[in-house]
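K.L.:
Let me give you the structure first, and then I'll get to my questions.
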Amino acid sequence: MEHLEEQIKNAALAAGYEACGTIKVSAMSGFERKLNERMAMVPAASPFYQNYHGFAHLEESYPWAKSIVVCVRNDGKYIVPDGLEGMIGKSYLFDSRTNPLSPGYINSVRFEACMKDYGLNAVTERKFGITALRWAASEAGLGLVRKNNFFYRDSGSWVSLEAWLIDRELEAIEKPTVKPCPEGCILCMKHCPTSSLSQAYTMNPLSCISFQTTFGDLSVSKDRFGAQIGNWVYGCDVCQDICPFNKNVRTAAEEFPGLAELGRHISLEKIVSADYGFLENTLQPKFWYIRQNDVWKWKVNAINAMVNKYKDEYRECIFKARVDTQPKVREMAQWAVGKLGLL
Ligand code: B12
């Protein structure tokens with residue numbers, strides 16, 4: 001008869017995860033130390049990180065929880081459609097968190113049902129995670145965190161993490177097979193376009209392109225990193241793409257459902273010219289960090305990218321955007337015309 005820990009792991013592997021471990025809830029206390037260190041290193045980010053203390057104090061919201069089951073899914077198996085590399089962050093292209101039709105979501109629900117069949121109370125938070133997922137996965141020995149803050153396995157950092165709280169005290173900890181970063185390597189820090197990754201194991205979430213292009217606002221009237229953002233429109237992968245441990249680890253052999261078709265409707269020009277119905281009903285449900293009321297950000301971000309790498313074919317599109325229904329888009333287009341000297 002298999003131990004329950006083994007049964008959980010086997011159910012996770014059967015549901016398509018590449019790794020699964022179980023740690024006690026108390027193992028999260030070390031995360032708070034790292035969180036406090038981060039807030040001390042980047043004081044401007046303290047208000048942002050204030051909400052994350054709960055990740056280390058699970059007993060407050062889940063007094064019944066005894067252990068954390070953490071799983072790793074390999075997203076490196078998916079193909080990036082032509083034209084989207086360097087424009088939309090890969091983890092967002094393959095995001096399963098709110099997509100009930102994606103294999104990741106279906107398997108996550110299946111795995112949760114298995115744990116319930118084993119008599120466990122198993123609770124997760126699929127959007128932002130029920131706890132600090134990188135810390136939990138590291139404590140479970142499934143891999144390690146590198147200087148760019150990403151959690152790595154042999155499949156690189158192209159993995160997404162999920163965790164469940166369970167009401168049984170269990171432990172299944174593995175030994176990571178990956179080697180730590182070489183001492184002298186600073187490639188990720190050197191290449192971070194906005195210097196958000198200012199030091200190893202430290203970053204400023206507010207200046208990270210991933211934040212700037214989603215929760216942030218690239219409108220010209222704001223304090224922003226327009227030029228440094230380059231071609232990115234939603235998310236950023238620079239600190240992962242540059243990492244030697246991410247070279248040749250993506251197999252990119254499978255289609256992510258619906259992505260190739262969606263990719264045909266995405267380019268800088270198509271975004272700037274898109275009608276708001278497309279942005280609200282097609283792009284927003286998939287790329288949900290930009291909210292329904294803010295879908296104008298897609299156009300602002302795309303105009304920003306056009307300015308950074310201007311081509312003649314953008315000209316008409318930028319001109320037309322000067323009469324867009326959204327004032328921030330009009331303002332951005334007007335600014336672009338002046339900046340590029342298009343008159
Ligand atoms: C808030 C958040 C963000 C914020 C802030 C990012 C941040 N690093 O704090 C924003 C919106 C900017 C963001 C962006 C992205 N995110 Co995010 N994000 C999260 C979230 C919800 C919480 C992170 C958190 O708690 N931060 C607080 C800091 C202090 O903790 P931490 O990031 O977990 O990492 C620390 C500890 O693990 C500890 N640590 C562990 N071991 C060791 C060892 C040593 C020696 C040291 C010193 C420290 C240390 O130090 C780490 C770094 O300091 C997690 C999901 C979750 N619930 O965990 C996803 C998560 C971290 N994000 C993820 C991803 C993919 C992204 C993006 C790449 C998306 C994109 N393509 O643009 C970007 C990349 C941004 C970047 N360069 O980091 C993945 C990362 C997967 C991975 N392989 O690591 C996660 C885990 C989501 C998931 N379900 O898989 N994210």
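In the structure tokens, chains take letters A, B, ... by order of appearance, with residues numbered from 1 within each chain and ligands from 1 in the order shown.
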Around ligand 1, out to 7 Å and counting only C-alpha atoms and all ligand atoms, which residues are there? I want them as number ranges by chain.
P.N.:
A: 31, 34-35, 38, 49, 52, 89-92, 128-135, 138, 144-145, 148-152, 157-162, 201-203, 205-206, 208, 210-211, 234-237, 239
K.L.:
Would you pick out the contacts of Thr251 in chain A at 10 Å or less, using only C-alpha atoms, so that residues sharing its chain but fewer than 3 positions from it are not included, and give the list as a list in words?
P.N.:
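Everything that qualifies: Asn74, Asp75, Gly76, Lys77, Tyr78, Ile79, Ser155, Asn248 and Glu254 of chain A.
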K.L.:
As a list of chain:residue names, please: the residues near Lys311 in chain A (cut-off 12 Å, only C-alpha atoms, same-chain neighbours under 5 positions excluded).
P.N.:
A:Leu268, A:Glu269, A:Ile303, A:Ala305, A:Met306, A:Glu316, A:Cys317, A:Ile318, A:Leu340, A:Leu342
K.L.:
Please, could you write that set of residues out with N, CA, C and O atoms as a JSON list (two decimals), in the first residue's frame?
P.N.:
[["chain", "number", "residue", "atom", "x", "y", "z"],
["A", 268, "LEU", "N", 1.34, 44.77, -33.52],
["A", 268, "LEU", "CA", 1.23, 46.15, -33.01],
["A", 268, "LEU", "C", 0.15, 46.90, -33.78],
["A", 268, "LEU", "O", -0.70, 47.57, -33.18],
["A", 269, "GLU", "N", 0.15, 46.77, -35.11],
["A", 269, "GLU", "CA", -0.84, 47.52, -35.90],
["A", 269, "GLU", "C", -2.26, 47.04, -35.61],
["A", 269, "GLU", "O", -3.18, 47.84, -35.49],
["A", 303, "ILE", "N", 1.41, 51.50, -29.09],
["A", 303, "ILE", "CA", 1.97, 52.74, -29.68],
["A", 303, "ILE", "C", 3.37, 52.98, -29.11],
["A", 303, "ILE", "O", 4.30, 53.37, -29.81],
["A", 305, "ALA", "N", 5.48, 50.76, -28.17],
["A", 305, "ALA", "CA", 6.40, 49.83, -28.85],
["A", 305, "ALA", "C", 6.69, 50.32, -30.28],
["A", 305, "ALA", "O", 7.82, 50.21, -30.76],
["A", 306, "MET", "N", 5.68, 50.88, -30.95],
["A", 306, "MET", "CA", 5.89, 51.40, -32.31],
["A", 306, "MET", "C", 6.91, 52.53, -32.30],
["A", 306, "MET", "O", 7.77, 52.62, -33.18],
["A", 316, "GLU", "N", 0.24, 55.35, -40.66],
["A", 316, "GLU", "CA", -1.19, 55.59, -40.82],
["A", 316, "GLU", "C", -1.96, 55.20, -39.56],
["A", 316, "GLU", "O", -2.90, 55.88, -39.12],
["A", 317, "CYS", "N", -1.52, 54.10, -39.01],
["A", 317, "CYS", "CA", -2.15, 53.55, -37.82],
["A", 317, "CYS", "C", -2.04, 54.54, -36.64],
["A", 317, "CYS", "O", -3.00, 54.80, -35.91],
["A", 318, "ILE", "N", -0.86, 55.15, -36.50],
["A", 318, "ILE", "CA", -0.64, 56.13, -35.42],
["A", 318, "ILE", "C", -1.50, 57.37, -35.68],
["A", 318, "ILE", "O", -2.16, 57.89, -34.77],
["A", 340, "LEU", "N", 8.13, 61.23, -33.21],
["A", 340, "LEU", "CA", 8.69, 60.64, -34.43],
["A", 340, "LEU", "C", 8.82, 61.67, -35.56],
["A", 340, "LEU", "O", 9.31, 61.34, -36.64],
["A", 342, "LEU", "N", 6.38, 63.00, -37.38],
["A", 342, "LEU", "CA", 5.62, 62.45, -38.53],
["A", 342, "LEU", "C", 4.83, 63.50, -39.31],
["A", 342, "LEU", "O", 4.30, 63.20, -40.36]]
K.L.:
Which residues come within 10 Å of Gln50 in chain A, counting only C-alpha atoms, excluding same-chain residues fewer than 4 positions away, as a PyMOL selection string?
P.N.:
chain A and resi 35-36+39+45-46+54
K.L.:
Please list as a list of chain:residue names every residue within 10 Å of Cys243 in chain A, counting only C-alpha atoms and excluding residues in the same chain fewer than 4 positions away.
P.N.:
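Answer for this query is A:Arg146, A:Lys147, A:Asn148, A:Gly156, A:Ser157, A:Cys181, A:Cys185, A:Ile186, A:Leu187, A:Cys188, A:His191, A:Val238, A:Cys239, A:Lys247.
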K.L.:
So, counting only C-alpha atoms, which residue among A:Tyr118, A:Trp288, A:Trp232, A:Tyr17 is closest to Ile106 in chain A?
P.N.:
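Checking each of A:Tyr118, A:Trp288, A:Trp232, A:Tyr17 against Ile106 in chain A, counting only C-alpha atoms, the winner is A:Tyr17.
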K.L.:
Excluding Phe111 in chain A and its own-chain neighbours fewer than 4 positions away, which residues fall within 7 Å of it when counting only C-alpha atoms? Please give them as a PyMOL selection string.
P.N.:
chain A and resi 11-12+15+107+115
K.L.:
Could you give me, as a CSV table (one decimal) with C-alpha atoms, in the first residue's frame, the residues within 6 Å of Arg97 in chain A, counting only C-alpha atoms and dropping anything in the same chain fewer than 2 positions from it?
P.N.:
chain,number,residue,atom,x,y,z
A,95,ASP,CA,-1.7,30.9,-18.8
A,99,ASN,CA,-9.1,29.3,-18.7
A,126,ARG,CA,-5.9,29.5,-8.9
A,127,LYS,CA,-5.3,33.2,-9.9
K.L.:
Using Å and a single decimal, report how far CA of Ser198 in chain A sits from CA of Ala40 in chain A.
P.N.:
13.6 Å
K.L.:
Which residue gives the smallest distance to Gly104 in chain A among A:Leu58, A:Ser207, A:Arg264, A:Gly16, with only C-alpha atoms counted?
P.N.:
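Ranking A:Leu58, A:Ser207, A:Arg264, A:Gly16 by distance to Gly104 in chain A, first place goes to A:Gly16.
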K.L.:
Could you tell me how far CA of Cys114 in chain A sits from CA of Ala19 in chain A, in Å to one decimal place?
P.N.:
16.1 Å
K.L.:
Please, which residues of range 142-265 of chain A, numbered as in this document, come out helix (DSSP H, G or I) from DSSP, as a short mmCIF file (atom, residue, chain, number, x, y, z; two decimals) with N, CA, C and O atoms, in the first residue's frame?
P.N.:
data_model
loop_
_atom_site.label_atom_id
_atom_site.label_comp_id
_atom_site.auth_asym_id
_atom_site.auth_seq_id
_atom_site.Cartn_x
_atom_site.Cartn_y
_atom_site.Cartn_z
N LEU A 187 24.27 38.24 -15.88
CA LEU A 187 23.59 38.51 -17.15
C LEU A 187 22.17 39.03 -16.94
O LEU A 187 21.75 39.99 -17.60
N CYS A 188 21.41 38.39 -16.05
CA CYS A 188 20.00 38.81 -15.87
C CYS A 188 19.91 40.23 -15.36
O CYS A 188 19.07 41.02 -15.83
N MET A 189 20.80 40.58 -14.43
CA MET A 189 20.75 41.93 -13.85
C MET A 189 21.18 42.96 -14.88
O MET A 189 20.59 44.01 -15.02
N LYS A 190 22.24 42.60 -15.62
CA LYS A 190 22.79 43.52 -16.62
C LYS A 190 21.77 43.83 -17.72
O LYS A 190 21.73 44.94 -18.24
N HIS A 191 20.95 42.86 -18.06
CA HIS A 191 20.04 43.04 -19.19
C HIS A 191 18.65 43.49 -18.81
O HIS A 191 17.83 43.78 -19.70
N ILE A 209 8.91 45.53 -16.14
CA ILE A 209 8.08 45.75 -17.34
C ILE A 209 6.78 44.97 -17.25
O ILE A 209 5.73 45.41 -17.72
N SER A 210 6.86 43.83 -16.60
CA SER A 210 5.66 43.02 -16.47
C SER A 210 4.56 43.77 -15.71
O SER A 210 3.38 43.67 -16.05
N PHE A 211 4.95 44.54 -14.72
CA PHE A 211 3.98 45.35 -13.98
C PHE A 211 3.59 46.58 -14.79
O PHE A 211 2.41 46.91 -14.95
N GLN A 212 4.61 47.25 -15.34
CA GLN A 212 4.37 48.50 -16.08
C GLN A 212 3.36 48.32 -17.21
O GLN A 212 2.55 49.19 -17.46
N ALA A 227 10.83 54.22 -23.18
CA ALA A 227 11.87 53.79 -24.13
C ALA A 227 12.47 52.44 -23.73
O ALA A 227 12.72 51.59 -24.58
N GLN A 228 12.67 52.24 -22.43
CA GLN A 228 13.31 50.99 -21.96
C GLN A 228 12.43 49.77 -22.22
O GLN A 228 12.91 48.64 -22.26
N ILE A 229 11.14 49.99 -22.39
CA ILE A 229 10.21 48.87 -22.53
C ILE A 229 10.32 48.20 -23.91
O ILE A 229 9.90 47.05 -24.09
N VAL A 238 12.80 39.15 -20.44
CA VAL A 238 14.23 39.38 -20.69
C VAL A 238 15.13 38.65 -19.70
O VAL A 238 16.08 37.97 -20.10
N CYS A 239 14.84 38.76 -18.40
CA CYS A 239 15.75 38.16 -17.41
C CYS A 239 15.72 36.63 -17.47
O CYS A 239 16.63 35.97 -16.96
N GLN A 240 14.70 36.07 -18.08
CA GLN A 240 14.66 34.61 -18.26
C GLN A 240 15.29 34.22 -19.59
O GLN A 240 16.03 33.24 -19.67
N ASP A 241 14.99 35.00 -20.65
CA ASP A 241 15.53 34.67 -21.97
C ASP A 241 17.05 34.72 -22.00
O ASP A 241 17.69 33.95 -22.71
N PRO A 244 21.59 31.61 -19.11
CA PRO A 244 22.17 30.41 -19.74
C PRO A 244 21.46 29.12 -19.33
O PRO A 244 21.44 28.17 -20.11
N PHE A 245 20.85 29.12 -18.16
CA PHE A 245 20.14 27.90 -17.72
C PHE A 245 18.80 27.73 -18.43
O PHE A 245 18.12 26.73 -18.22
N ASN A 246 18.43 28.71 -19.24
CA ASN A 246 17.18 28.59 -20.00
C ASN A 246 17.44 28.28 -21.47
O ASN A 246 16.51 28.23 -22.27
N LEU A 259 -4.24 29.26 -29.32
CA LEU A 259 -3.25 30.35 -29.34
C LEU A 259 -2.81 30.72 -30.75
O LEU A 259 -2.63 31.91 -31.04
N ALA A 260 -2.63 29.72 -31.61
CA ALA A 260 -2.17 30.03 -32.98
C ALA A 260 -3.21 30.92 -33.67
O ALA A 260 -2.87 31.92 -34.32
N GLU A 261 -4.48 30.60 -33.50
CA GLU A 261 -5.55 31.39 -34.13
C GLU A 261 -5.58 32.80 -33.55
O GLU A 261 -5.64 33.78 -34.28
N LEU A 262 -5.49 32.90 -32.23
CA LEU A 262 -5.50 34.22 -31.59
C LEU A 262 -4.30 35.04 -32.07
O LEU A 262 -4.42 36.23 -32.34
N GLY A 263 -3.15 34.36 -32.19
CA GLY A 263 -1.92 35.03 -32.62
C GLY A 263 -2.07 35.72 -33.97
O GLY A 263 -1.44 36.75 -34.21
#
K.L.:
If DSSP is run on the backbone, what residues of range 125-188 of chain A are strand (DSSP E or B)? A reply as a ChimeraX atom specification would be ideal.
P.N.:
/A:144-145,151-153,156,159-166,172
